[in-house]
>>> print(open('model.tsv').read())   # TSV, C-alpha atoms and all ligand atoms
chain	number	residue	atom	x	y	z
A	294	MET	CA	0.00	0.00	0.00
A	295	PHE	CA	1.24	3.49	-0.92
A	296	LEU	CA	0.22	6.30	1.40
A	297	VAL	CA	0.22	9.99	0.43
A	298	THR	CA	-0.22	12.68	3.11
A	299	GLY	CA	-1.36	16.20	2.21
A	300	ALA	CA	-3.44	14.60	-0.51
A	301	SER	CA	-5.83	17.53	-0.79
A	302	GLY	CA	-3.00	19.95	-1.58
A	303	HIS	CA	-1.66	20.94	-4.99
A	304	LEU	CA	1.32	18.61	-4.84
A	305	GLY	CA	-0.60	15.73	-3.23
A	306	GLN	CA	-3.34	15.82	-5.86
A	307	ALA	CA	-0.77	15.73	-8.63
A	308	VAL	CA	1.12	12.85	-6.94
A	309	ILE	CA	-2.08	10.78	-6.81
A	310	ASN	CA	-2.68	11.57	-10.46
A	311	HIS	CA	0.83	10.34	-11.37
A	312	LEU	CA	0.45	7.21	-9.23
A	313	ILE	CA	-2.68	6.29	-11.18
A	314	THR	CA	-1.99	7.57	-14.68
A	315	THR	CA	1.83	7.45	-14.98
A	316	TYR	CA	2.65	4.50	-12.73
A	317	LYS	CA	-0.64	2.55	-13.18
A	318	ILE	CA	-1.05	1.89	-9.45
A	319	PRO	CA	-4.55	0.55	-8.72
A	320	ALA	CA	-6.66	2.99	-6.70
A	321	THR	CA	-7.24	0.29	-4.09
A	322	SER	CA	-3.47	0.20	-3.37
A	323	ILE	CA	-3.40	3.91	-2.49
A	324	ILE	CA	-4.20	5.50	0.87
A	325	ALA	CA	-4.70	9.30	0.79
A	326	THR	CA	-4.70	11.24	4.06
A	327	THR	CA	-6.05	14.68	4.90
A	328	ARG	CA	-7.33	16.62	7.90
A	329	ASP	CA	-10.65	16.93	6.10
A	330	PRO	CA	-11.77	13.72	4.32
A	331	GLY	CA	-14.69	15.62	2.76
A	332	LYS	CA	-12.13	17.31	0.48
A	333	LEU	CA	-11.18	13.93	-1.02
A	334	ALA	CA	-14.63	12.68	-2.02
A	335	ALA	CA	-13.61	12.58	-5.69
A	336	LEU	CA	-10.65	10.30	-4.85
A	337	ALA	CA	-12.85	8.08	-2.66
A	338	ALA	CA	-15.21	7.69	-5.62
A	339	LYS	CA	-12.25	6.32	-7.63
A	340	GLY	CA	-11.64	3.64	-4.99
A	341	ILE	CA	-8.75	5.31	-3.14
A	342	ASN	CA	-8.72	4.68	0.62
A	343	ILE	CA	-9.23	7.99	2.42
A	344	ARG	CA	-8.08	8.46	6.01
A	345	ASP	CA	-8.18	11.33	8.43
A	346	ALA	CA	-4.67	12.39	9.55
A	347	ASN	CA	-3.53	15.51	11.34
A	348	PHE	CA	0.20	15.80	12.09
A	349	ASP	CA	-0.69	17.69	15.26
A	350	ASP	CA	-2.18	14.45	16.66
A	351	GLU	CA	0.54	11.77	16.82
A	352	ALA	CA	-1.57	9.10	18.53
A	353	HIS	CA	-4.22	9.18	15.82
A	354	LEU	CA	-1.55	9.25	13.10
A	355	ILE	CA	-0.36	5.75	13.96
A	356	LYS	CA	-3.84	4.45	13.11
A	357	ALA	CA	-3.95	6.55	9.95
A	358	PHE	CA	-0.62	5.15	8.73
A	359	ALA	CA	-1.35	1.50	9.62
A	360	GLY	CA	-0.91	-0.92	6.73
A	361	ALA	CA	1.14	1.47	4.55
A	362	SER	CA	4.36	-0.05	3.24
A	363	ARG	CA	5.68	3.13	1.59
A	364	LEU	CA	4.60	6.61	2.68
A	365	LEU	CA	5.02	10.04	1.11
A	366	LEU	CA	5.29	12.68	3.82
A	367	ILE	CA	4.44	16.00	2.17
A	368	SER	CA	5.76	18.87	4.27
A	369	THR	CA	2.95	20.97	5.73
A	370	ASN	CA	2.31	24.61	4.91
A	371	ALA	CA	2.55	25.97	8.49
A	372	MET	CA	4.47	29.25	8.14
A	373	GLU	CA	5.66	29.92	11.68
A	374	PRO	CA	9.16	28.46	12.04
A	375	GLY	CA	9.19	25.43	14.35
A	376	VAL	CA	5.55	24.39	13.82
A	377	ARG	CA	6.25	22.26	10.77
A	378	LEU	CA	9.14	20.56	12.53
A	379	LYS	CA	6.95	19.39	15.41
A	380	GLN	CA	4.30	18.20	12.92
A	381	HIS	CA	6.85	16.34	10.82
A	382	GLN	CA	8.50	14.79	13.89
A	383	ASN	CA	5.06	13.48	14.91
A	384	ALA	CA	4.56	12.02	11.44
A	385	VAL	CA	8.00	10.35	11.40
A	386	LYS	CA	7.42	8.82	14.86
A	387	ALA	CA	3.98	7.60	13.81
A	388	ALA	CA	5.34	6.09	10.58
A	389	GLU	CA	7.96	4.20	12.58
A	390	LYS	CA	5.41	2.94	15.11
A	391	ALA	CA	3.01	1.95	12.32
A	392	GLY	CA	5.75	-0.17	10.73
A	393	VAL	CA	6.07	1.81	7.49
A	394	GLY	CA	9.05	0.43	5.55
A	395	HIS	CA	10.04	3.49	3.49
A	396	VAL	CA	9.27	7.19	3.89
A	397	VAL	CA	9.65	9.75	1.09
A	398	TYR	CA	9.88	13.33	2.42
A	399	THR	CA	9.60	16.64	0.53
A	400	SER	CA	12.42	18.92	1.75
A	401	MET	CA	14.16	21.93	0.16
A	402	PRO	CA	17.59	22.46	-1.48
A	403	ASN	CA	20.64	22.93	0.77
A	404	PRO	CA	18.60	23.27	3.97
A	405	GLU	CA	21.66	23.21	6.27
A	406	THR	CA	23.14	26.38	4.78
A	407	SER	CA	19.93	28.06	3.60
A	408	ALA	CA	18.96	31.58	4.66
A	409	VAL	CA	15.25	30.68	4.33
A	410	LEU	CA	13.72	31.11	7.77
A	411	PHE	CA	11.90	27.76	7.75
A	412	ALA	CA	14.94	25.80	6.49
A	413	PRO	CA	15.72	24.54	10.03
A	414	ASP	CA	12.35	22.74	9.99
A	415	HIS	CA	13.52	20.72	6.99
A	416	VAL	CA	16.94	20.09	8.57
A	417	GLY	CA	15.18	18.87	11.71
A	418	THR	CA	12.85	16.59	9.77
A	419	GLU	CA	15.72	15.10	7.78
A	420	LYS	CA	17.50	14.44	11.09
A	421	ALA	CA	14.35	12.88	12.56
A	422	LEU	CA	14.21	10.48	9.62
A	423	ALA	CA	17.92	9.68	9.85
A	424	SER	CA	17.72	8.90	13.55
A	425	SER	CA	14.44	6.96	13.32
A	426	GLY	CA	14.18	3.21	13.15
A	427	ILE	CA	12.48	3.40	9.75
A	428	LYS	CA	14.28	0.97	7.42
A	429	GLY	CA	14.59	3.23	4.40
A	430	TRP	CA	13.88	6.78	3.33
A	431	THR	CA	14.20	9.11	0.37
A	432	VAL	CA	14.57	12.82	1.01
A	433	LEU	CA	13.51	14.85	-2.00
A	434	ARG	CA	15.01	18.32	-1.75
A	435	ASN	CA	12.51	20.06	-3.99
A	436	ASN	CA	13.59	23.27	-5.70
A	437	TRP	CA	11.14	26.19	-5.97
A	438	TYR	CA	7.98	25.63	-8.01
A	439	PHE	CA	7.36	27.66	-11.17
A	440	GLU	CA	3.92	28.10	-9.58
A	441	ASN	CA	5.39	30.26	-6.77
A	442	LEU	CA	5.52	33.02	-9.39
A	443	PHE	CA	1.69	33.18	-9.27
A	444	PHE	CA	2.06	34.64	-5.78
A	445	SER	CA	4.99	36.96	-6.36
A	446	LEU	CA	4.41	38.33	-9.85
A	447	PRO	CA	0.75	39.35	-10.49
A	448	GLN	CA	1.08	42.51	-8.35
A	449	ALA	CA	4.47	43.30	-9.87
A	450	LEU	CA	3.04	42.86	-13.37
A	451	ALA	CA	0.17	45.20	-12.51
A	452	ALA	CA	2.68	47.83	-11.33
A	453	GLY	CA	5.27	47.06	-14.02
A	454	THR	CA	7.99	46.84	-11.36
A	455	GLN	CA	9.41	44.01	-9.32
A	456	TYR	CA	11.62	44.76	-6.31
A	457	SER	CA	14.28	42.14	-5.67
A	458	ALA	CA	17.12	41.56	-3.25
A	459	ALA	CA	18.13	38.33	-4.98
A	460	GLY	CA	20.84	40.01	-7.06
A	461	GLN	CA	22.20	37.73	-9.78
A	462	GLY	CA	21.48	34.58	-7.74
A	463	LYS	CA	20.07	31.76	-9.85
A	464	ILE	CA	16.99	29.63	-9.27
A	465	ALA	CA	16.80	26.15	-10.82
A	466	GLN	CA	13.00	26.28	-10.56
A	467	ILE	CA	10.84	23.38	-11.69
A	468	ALA	CA	7.18	22.63	-12.42
A	469	ARG	CA	5.22	21.45	-9.37
A	470	ASP	CA	3.78	18.66	-11.51
A	471	ASP	CA	7.31	17.39	-12.24
A	472	LEU	CA	8.03	17.28	-8.51
A	473	ALA	CA	4.79	15.31	-8.09
A	474	ARG	CA	5.94	12.86	-10.77
A	475	ALA	CA	9.28	12.51	-8.96
A	476	ALA	CA	7.58	11.94	-5.59
A	477	ALA	CA	5.33	9.28	-7.15
A	478	ALA	CA	8.40	7.67	-8.76
A	479	ALA	CA	10.23	7.55	-5.42
A	480	LEU	CA	7.16	6.13	-3.71
A	481	VAL	CA	6.63	3.24	-6.17
A	482	SER	CA	10.33	2.48	-6.71
A	483	ASP	CA	11.80	-0.62	-5.10
A	484	PHE	CA	14.62	1.46	-3.57
A	485	ALA	CA	14.88	0.29	0.04
A	486	GLY	CA	17.95	2.20	1.29
A	487	LYS	CA	18.51	5.79	2.39
A	488	GLN	CA	19.08	8.60	-0.09
A	489	THR	CA	18.86	12.37	-0.46
A	490	LEU	CA	18.13	13.79	-3.91
A	491	THR	CA	17.95	17.45	-4.94
A	492	LEU	CA	15.29	17.95	-7.61
A	493	SER	CA	15.86	20.97	-9.83
A	494	GLY	CA	14.64	22.16	-13.20
A	495	ALA	CA	16.25	22.06	-16.63
A	496	LYS	CA	17.91	25.48	-16.34
A	497	GLU	CA	18.86	28.09	-13.76
A	498	TYR	CA	17.46	31.61	-14.10
A	499	THR	CA	18.24	34.94	-12.44
A	500	THR	CA	15.33	37.09	-11.27
A	501	ASP	CA	15.93	39.38	-14.28
A	502	GLN	CA	15.74	36.43	-16.67
A	503	ILE	CA	12.53	35.14	-15.07
A	504	ALA	CA	10.95	38.61	-15.22
A	505	ALA	CA	11.90	39.02	-18.89
A	506	LEU	CA	10.42	35.64	-19.84
A	507	VAL	CA	7.20	36.19	-17.86
A	508	SER	CA	6.87	39.72	-19.27
A	509	LYS	CA	7.20	38.39	-22.81
A	510	ALA	CA	4.72	35.54	-22.22
A	511	VAL	CA	2.14	37.77	-20.52
A	512	GLY	CA	2.67	40.72	-22.88
A	513	LYS	CA	3.21	43.26	-20.08
A	514	PRO	CA	6.38	45.20	-19.20
A	515	LEU	CA	8.16	44.19	-16.00
A	516	THR	CA	11.28	45.95	-14.74
A	517	VAL	CA	13.31	44.44	-11.93
A	518	VAL	CA	14.57	47.02	-9.43
A	519	HIS	CA	17.44	45.64	-7.37
A	520	VAL	CA	17.37	46.82	-3.77
A	521	PRO	CA	19.25	45.84	-0.62
A	522	VAL	CA	17.38	43.31	1.54
A	523	GLU	CA	16.63	45.94	4.21
A	524	GLY	CA	14.97	48.11	1.54
A	525	LEU	CA	12.92	45.15	0.32
A	526	LEU	CA	11.82	44.41	3.88
A	527	GLN	CA	10.84	48.03	4.57
A	528	GLY	CA	8.92	48.14	1.29
A	529	MET	CA	6.91	45.03	2.20
A	530	LEU	CA	6.23	46.35	5.72
A	531	GLY	CA	5.19	49.70	4.24
A	532	ALA	CA	2.76	47.87	1.95
A	533	GLY	CA	1.13	46.38	5.06
A	534	LEU	CA	2.57	42.86	5.01
A	535	PRO	CA	2.77	41.29	8.50
A	536	GLU	CA	6.37	41.42	9.74
A	537	ALA	CA	6.81	37.64	10.04
A	538	LEU	CA	5.69	37.14	6.44
A	539	ALA	CA	7.81	40.04	5.16
A	540	ARG	CA	10.89	38.59	6.89
A	541	MET	CA	10.10	35.17	5.42
A	542	PHE	CA	9.84	36.55	1.87
A	543	ALA	CA	13.02	38.62	2.35
A	544	SER	CA	14.82	35.46	3.47
A	545	PHE	CA	13.89	33.84	0.14
A	546	ASP	CA	15.76	36.58	-1.75
A	547	VAL	CA	18.80	36.40	0.56
A	548	ASN	CA	18.92	32.65	-0.01
A	549	THR	CA	18.69	33.06	-3.79
A	550	ALA	CA	21.42	35.72	-3.75
A	551	GLN	CA	23.63	33.29	-1.83
A	552	GLY	CA	23.15	30.60	-4.49
A	553	GLY	CA	20.93	28.40	-2.30
A	554	LEU	CA	18.59	27.54	-5.18
A	555	SER	CA	21.00	26.79	-7.97
A	556	GLY	CA	21.05	23.18	-9.17
A	557	SER	CA	20.92	20.72	-12.04
A	558	PRO	CA	18.21	18.36	-13.35
A	559	ALA	CA	20.42	15.24	-13.10
A	560	ALA	CA	18.70	13.62	-10.09
A	561	PHE	CA	15.24	14.38	-11.46
A	562	LYS	CA	16.10	12.69	-14.76
A	563	THR	CA	17.58	9.62	-13.07
A	564	LEU	CA	14.59	9.22	-10.75
A	565	THR	CA	11.85	9.73	-13.34
A	566	GLY	CA	13.50	8.81	-16.63
A	567	VAL	CA	12.13	11.96	-18.28
A	568	GLU	CA	13.29	15.54	-18.88
A	569	PRO	CA	11.79	18.22	-16.64
A	570	GLN	CA	9.36	20.57	-18.34
A	571	SER	CA	11.15	23.75	-19.48
A	572	PHE	CA	10.15	27.08	-17.99
A	573	GLU	CA	9.40	28.44	-21.46
A	574	ALA	CA	7.03	25.52	-22.25
A	575	TRP	CA	5.34	25.87	-18.86
A	576	LEU	CA	4.93	29.63	-19.41
A	577	SER	CA	3.31	29.13	-22.78
A	578	LYS	CA	0.61	27.02	-21.06
A	579	ASN	CA	0.25	29.12	-17.91
A	580	ALA	CA	0.79	32.76	-18.89
A	581	GLY	CA	-2.94	33.51	-18.58
A	582	ALA	CA	-2.95	32.60	-14.90
A	583	PHE	CA	-0.66	35.55	-14.04
A	584	THR	CA	-3.49	37.93	-14.74
A	585	ALA	CA	-6.38	35.70	-13.51
A	586	SER	CA	-6.98	36.26	-9.78
A	587	GLY	CA	-6.46	33.38	-7.37
A	588	ALA	CA	-5.29	30.84	-9.96
A	589	HIS	CA	-2.42	28.60	-8.97
B	601	LIG	N1	9.19	24.00	-3.36
B	601	LIG	C1	8.33	25.00	-3.36
B	601	LIG	O1	8.44	25.95	-4.14
B	601	LIG	C2	7.16	25.00	-2.42
B	601	LIG	C3	6.19	25.99	-2.55
B	601	LIG	C4	5.10	25.96	-1.68
B	601	LIG	C5	5.03	24.97	-0.72
B	601	LIG	N2	6.01	24.03	-0.62
B	601	LIG	C6	5.97	22.94	0.39
B	601	LIG	O2	5.45	21.79	-0.26
B	601	LIG	C7	4.24	21.38	0.39
B	601	LIG	C8	3.25	20.89	-0.64
B	601	LIG	O3	3.00	21.94	-1.57
B	601	LIG	P1	1.52	22.23	-2.05
B	601	LIG	O4	1.65	23.17	-3.18
B	601	LIG	O5	0.78	20.95	-2.22
B	601	LIG	O6	0.93	23.00	-0.77
B	601	LIG	P2	-0.61	23.13	-0.37
B	601	LIG	O7	-1.49	23.04	-1.55
B	601	LIG	O8	-0.68	24.36	0.50
B	601	LIG	O9	-0.88	21.84	0.53
B	601	LIG	C9	-0.36	21.73	1.81
B	601	LIG	C10	-0.81	20.42	2.41
B	601	LIG	O10	-0.33	20.37	3.75
B	601	LIG	C11	-1.25	19.59	4.48
B	601	LIG	N3	-1.23	19.95	5.90
B	601	LIG	C12	-1.22	21.19	6.43
B	601	LIG	N4	-1.26	21.10	7.78
B	601	LIG	C13	-1.31	19.78	8.08
B	601	LIG	C14	-1.38	19.05	9.29
B	601	LIG	N5	-1.41	19.65	10.49
B	601	LIG	N6	-1.41	17.69	9.22
B	601	LIG	C15	-1.40	17.05	8.03
B	601	LIG	N7	-1.34	17.69	6.84
B	601	LIG	C16	-1.30	19.04	6.88
B	601	LIG	C17	-2.60	19.94	3.89
B	601	LIG	O11	-3.40	18.77	4.01
B	601	LIG	P3	-4.95	18.80	4.44
B	601	LIG	O12	-5.45	20.20	4.38
B	601	LIG	O13	-5.61	17.90	3.45
B	601	LIG	O14	-4.94	18.22	5.79
B	601	LIG	C18	-2.31	20.25	2.44
B	601	LIG	O15	-2.69	19.19	1.60
B	601	LIG	C19	3.77	22.62	1.17
B	601	LIG	O16	2.97	22.23	2.27
B	601	LIG	C20	5.09	23.24	1.58
B	601	LIG	O17	5.65	22.58	2.71
B	601	LIG	C21	7.06	24.01	-1.46
>>> encode(input="model.tsv", output="structure tokens")
Amino acid sequence: MFLVTGASGHLGQAVINHLITTYKIPATSIIATTRDPGKLAALAAKGINIRDANFDDEAHLIKAFAGASRLLLISTNAMEPGVRLKQHQNAVKAAEKAGVGHVVYTSMPNPETSAVLFAPDHVGTEKALASSGIKGWTVLRNNWYFENLFFSLPQALAAGTQYSAAGQGKIAQIARDDLARAAAAALVSDFAGKQTLTLSGAKEYTTDQIAALVSKAVGKPLTVVHVPVEGLLQGMLGAGLPEALARMFASFDVNTAQGGLSGSPAAFKTLTGVEPQSFEAWLSKNAGAFTASGAH
């Protein structure tokens, strides 16, 4: 049995899709967990086993994970540093107690040296896996999704200006659907040891290069204004962003400037046997969503 947590989320939904359509796993061999089973009615109708699982409740998690031989632990979206770590530690402990043989975990690139404020949560989770009694695990250090641009760029496109403290740092961004394919591949593989793979896209781009490509695809001008990180932070605070969120976003740029998101597609290709989708191809399909509200 293959178990996918976070199955109602964007990545989880796409993983289930790849399990069924790409890897031909029967629906009855899949367990999908969520805090709200009502959200997964469509998957239940396909024959997928739906279970209630909240990482804040370790005791209940053991029941939710029972019978799973391989489990995909999708990192949660809690923003406050430290919260995810506790949730993930609960999930790792529960997987061990439930007798899961292999855990696949979605981490981030270079977490040990990353300036991203929630990076320590990924470091802590990777350590929890390494020190657990779980027989095997695969850590997937997922690079940034192309889809993150739906959050950062619509406002900038409306104004024609993007403020950045990322300098000439490069991002080896990748389509979320490719990361879902990779997670599904790791889940169904017969790999039984312990490995850490960094999953990055076909090419690395600077913020200027990304802005130029998005601008061209959307047909709107977009100028990148490079500012020091303190200026970026003050700008976000001045625009009314809560301080914790502003500091989090600023840490993304610092990390990019430091090279924390550069990378190559080698591990992705080995794991999946396919090329990652190029940013240009993805843009040609998704350009409309930059101007449609709420789409991601
Ligand atoms: N690499 C990147 O660029 C990038 C970008 C954004 C996010 N991420 C990370 O990747 C994860 C998956 O991305 P996504 O796009 O699928 O995010 P998403 O759509 O926001 O989904 C997040 C998932 O986290 C689950 N979750 C939240 N709190 C939970 C809890 N207490 N217990 C169990 N599950 C919980 C939710 O499950 P239910 O609501 O069904 O319980 C939801 O399915 C995110 O959560 C985040 O850690 C990475």
>>> axis_aligned_box(input="model.tsv", around="ligand LIG 601 (chain B)", padding_each_side="8 Å", output="JSON")
{"center_x": 1.8, "center_y": 21.5, "center_z": 3.2, "size_x": 30.8, "size_y": 24.9, "size_z": 30.6}
>>> closest_residue(input="model.tsv", among="A:Gln502, A:Thr326, A:Ser482, A:Ser407", to="ligand LIG 601 (chain B)", atoms="all atoms listed in the file")
A:Thr326
>>> residues_near_ligand(input="model.tsv", ligand="ligand LIG 601 (chain B)", cutoff="6 Å", atoms="only C-alpha atoms and all ligand atoms", output="short mmCIF file (atom, residue, chain, number, x, y, z; two decimals) with C-alpha atoms, in the frame of the given file")
data_model
loop_
_atom_site.label_atom_id
_atom_site.label_comp_id
_atom_site.auth_asym_id
_atom_site.auth_seq_id
_atom_site.Cartn_x
_atom_site.Cartn_y
_atom_site.Cartn_z
CA GLY A 299 -1.36 16.20 2.21
CA ALA A 300 -3.44 14.60 -0.51
CA SER A 301 -5.83 17.53 -0.79
CA GLY A 302 -3.00 19.95 -1.58
CA HIS A 303 -1.66 20.94 -4.99
CA LEU A 304 1.32 18.61 -4.84
CA GLY A 305 -0.60 15.73 -3.23
CA THR A 327 -6.05 14.68 4.90
CA ARG A 328 -7.33 16.62 7.90
CA ASP A 329 -10.65 16.93 6.10
CA ALA A 346 -4.67 12.39 9.55
CA ASN A 347 -3.53 15.51 11.34
CA PHE A 348 0.20 15.80 12.09
CA ASP A 349 -0.69 17.69 15.26
CA ILE A 367 4.44 16.00 2.17
CA SER A 368 5.76 18.87 4.27
CA THR A 369 2.95 20.97 5.73
CA ASN A 370 2.31 24.61 4.91
CA ASN A 435 12.51 20.06 -3.99
CA ASN A 436 13.59 23.27 -5.70
CA TRP A 437 11.14 26.19 -5.97
CA TYR A 438 7.98 25.63 -8.01
CA ASN A 441 5.39 30.26 -6.77
#
>>> residues_around(input="model.tsv", residues="Val507 (chain A)", least_positions_apart="4", cutoff="10 Å", atoms="only C-alpha atoms", output="ChimeraX atom specification")
/A:442,446,450,501-503,511-515,572-573,576-577,579-580,583
>>> residues_around(input="model.tsv", residues="Thr491 (chain A)", least_positions_apart="4", cutoff="9 Å", atoms="only C-alpha atoms", output="PyMOL selection string")
chain A and resi 400-403+432-436+556-561
>>> closest_residue(input="model.tsv", among="A:Thr584, A:Pro319, A:Gln448, A:Thr549", to="Ala532 (chain A)", atoms="only C-alpha atoms")
A:Gln448
>>> closest_residue(input="model.tsv", among="A:Leu472, A:Ala477, A:Val522, A:Ile464", to="Thr500 (chain A)", atoms="only C-alpha atoms")
A:Ile464
>>> closest_residue(input="model.tsv", among="A:His311, A:His353, A:Lys428, A:Arg344", to="Ala475 (chain A)", atoms="all atoms listed in the file")
A:His311
>>> closest_residue(input="model.tsv", among="A:Ala412, A:Gly340, A:His395, A:Lys420", to="Met541 (chain A)", atoms="all atoms listed in the file")
A:Ala412
>>> atom_distance(input="model.tsv", atom1="CA of Glu536 (chain A)", atom2="CA of Ala371 (chain A)")
16.0 Å
>>> atom_distance(input="model.tsv", atom1="CA of Ala495 (chain A)", atom2="CA of Gln466 (chain A)")
8.1 Å
>>> residues_around(input="model.tsv", residues="region 360-366 of chain A", least_positions_apart="2", cutoff="7 Å", atoms="all atoms listed in the file", output="PyMOL selection string")
chain A and resi 294-298+358+368+393-399+480
>>> closest_residue(input="model.tsv", among="A:Ser508, A:Thr565, A:Thr418, A:Ser571", to="Ala473 (chain A)", atoms="only C-alpha atoms")
A:Thr565
>>> residues_near_point(input="model.tsv", point="(-11.3, 4.3, 3.5)", cutoff="10 Å", atoms="only C-alpha atoms", output="list of chain:residue names")
A:Thr321, A:Ile323, A:Ile324, A:Ala325, A:Thr326, A:Pro330, A:Ala337, A:Gly340, A:Ile341, A:Asn342, A:Ile343, A:Arg344, A:Asp345
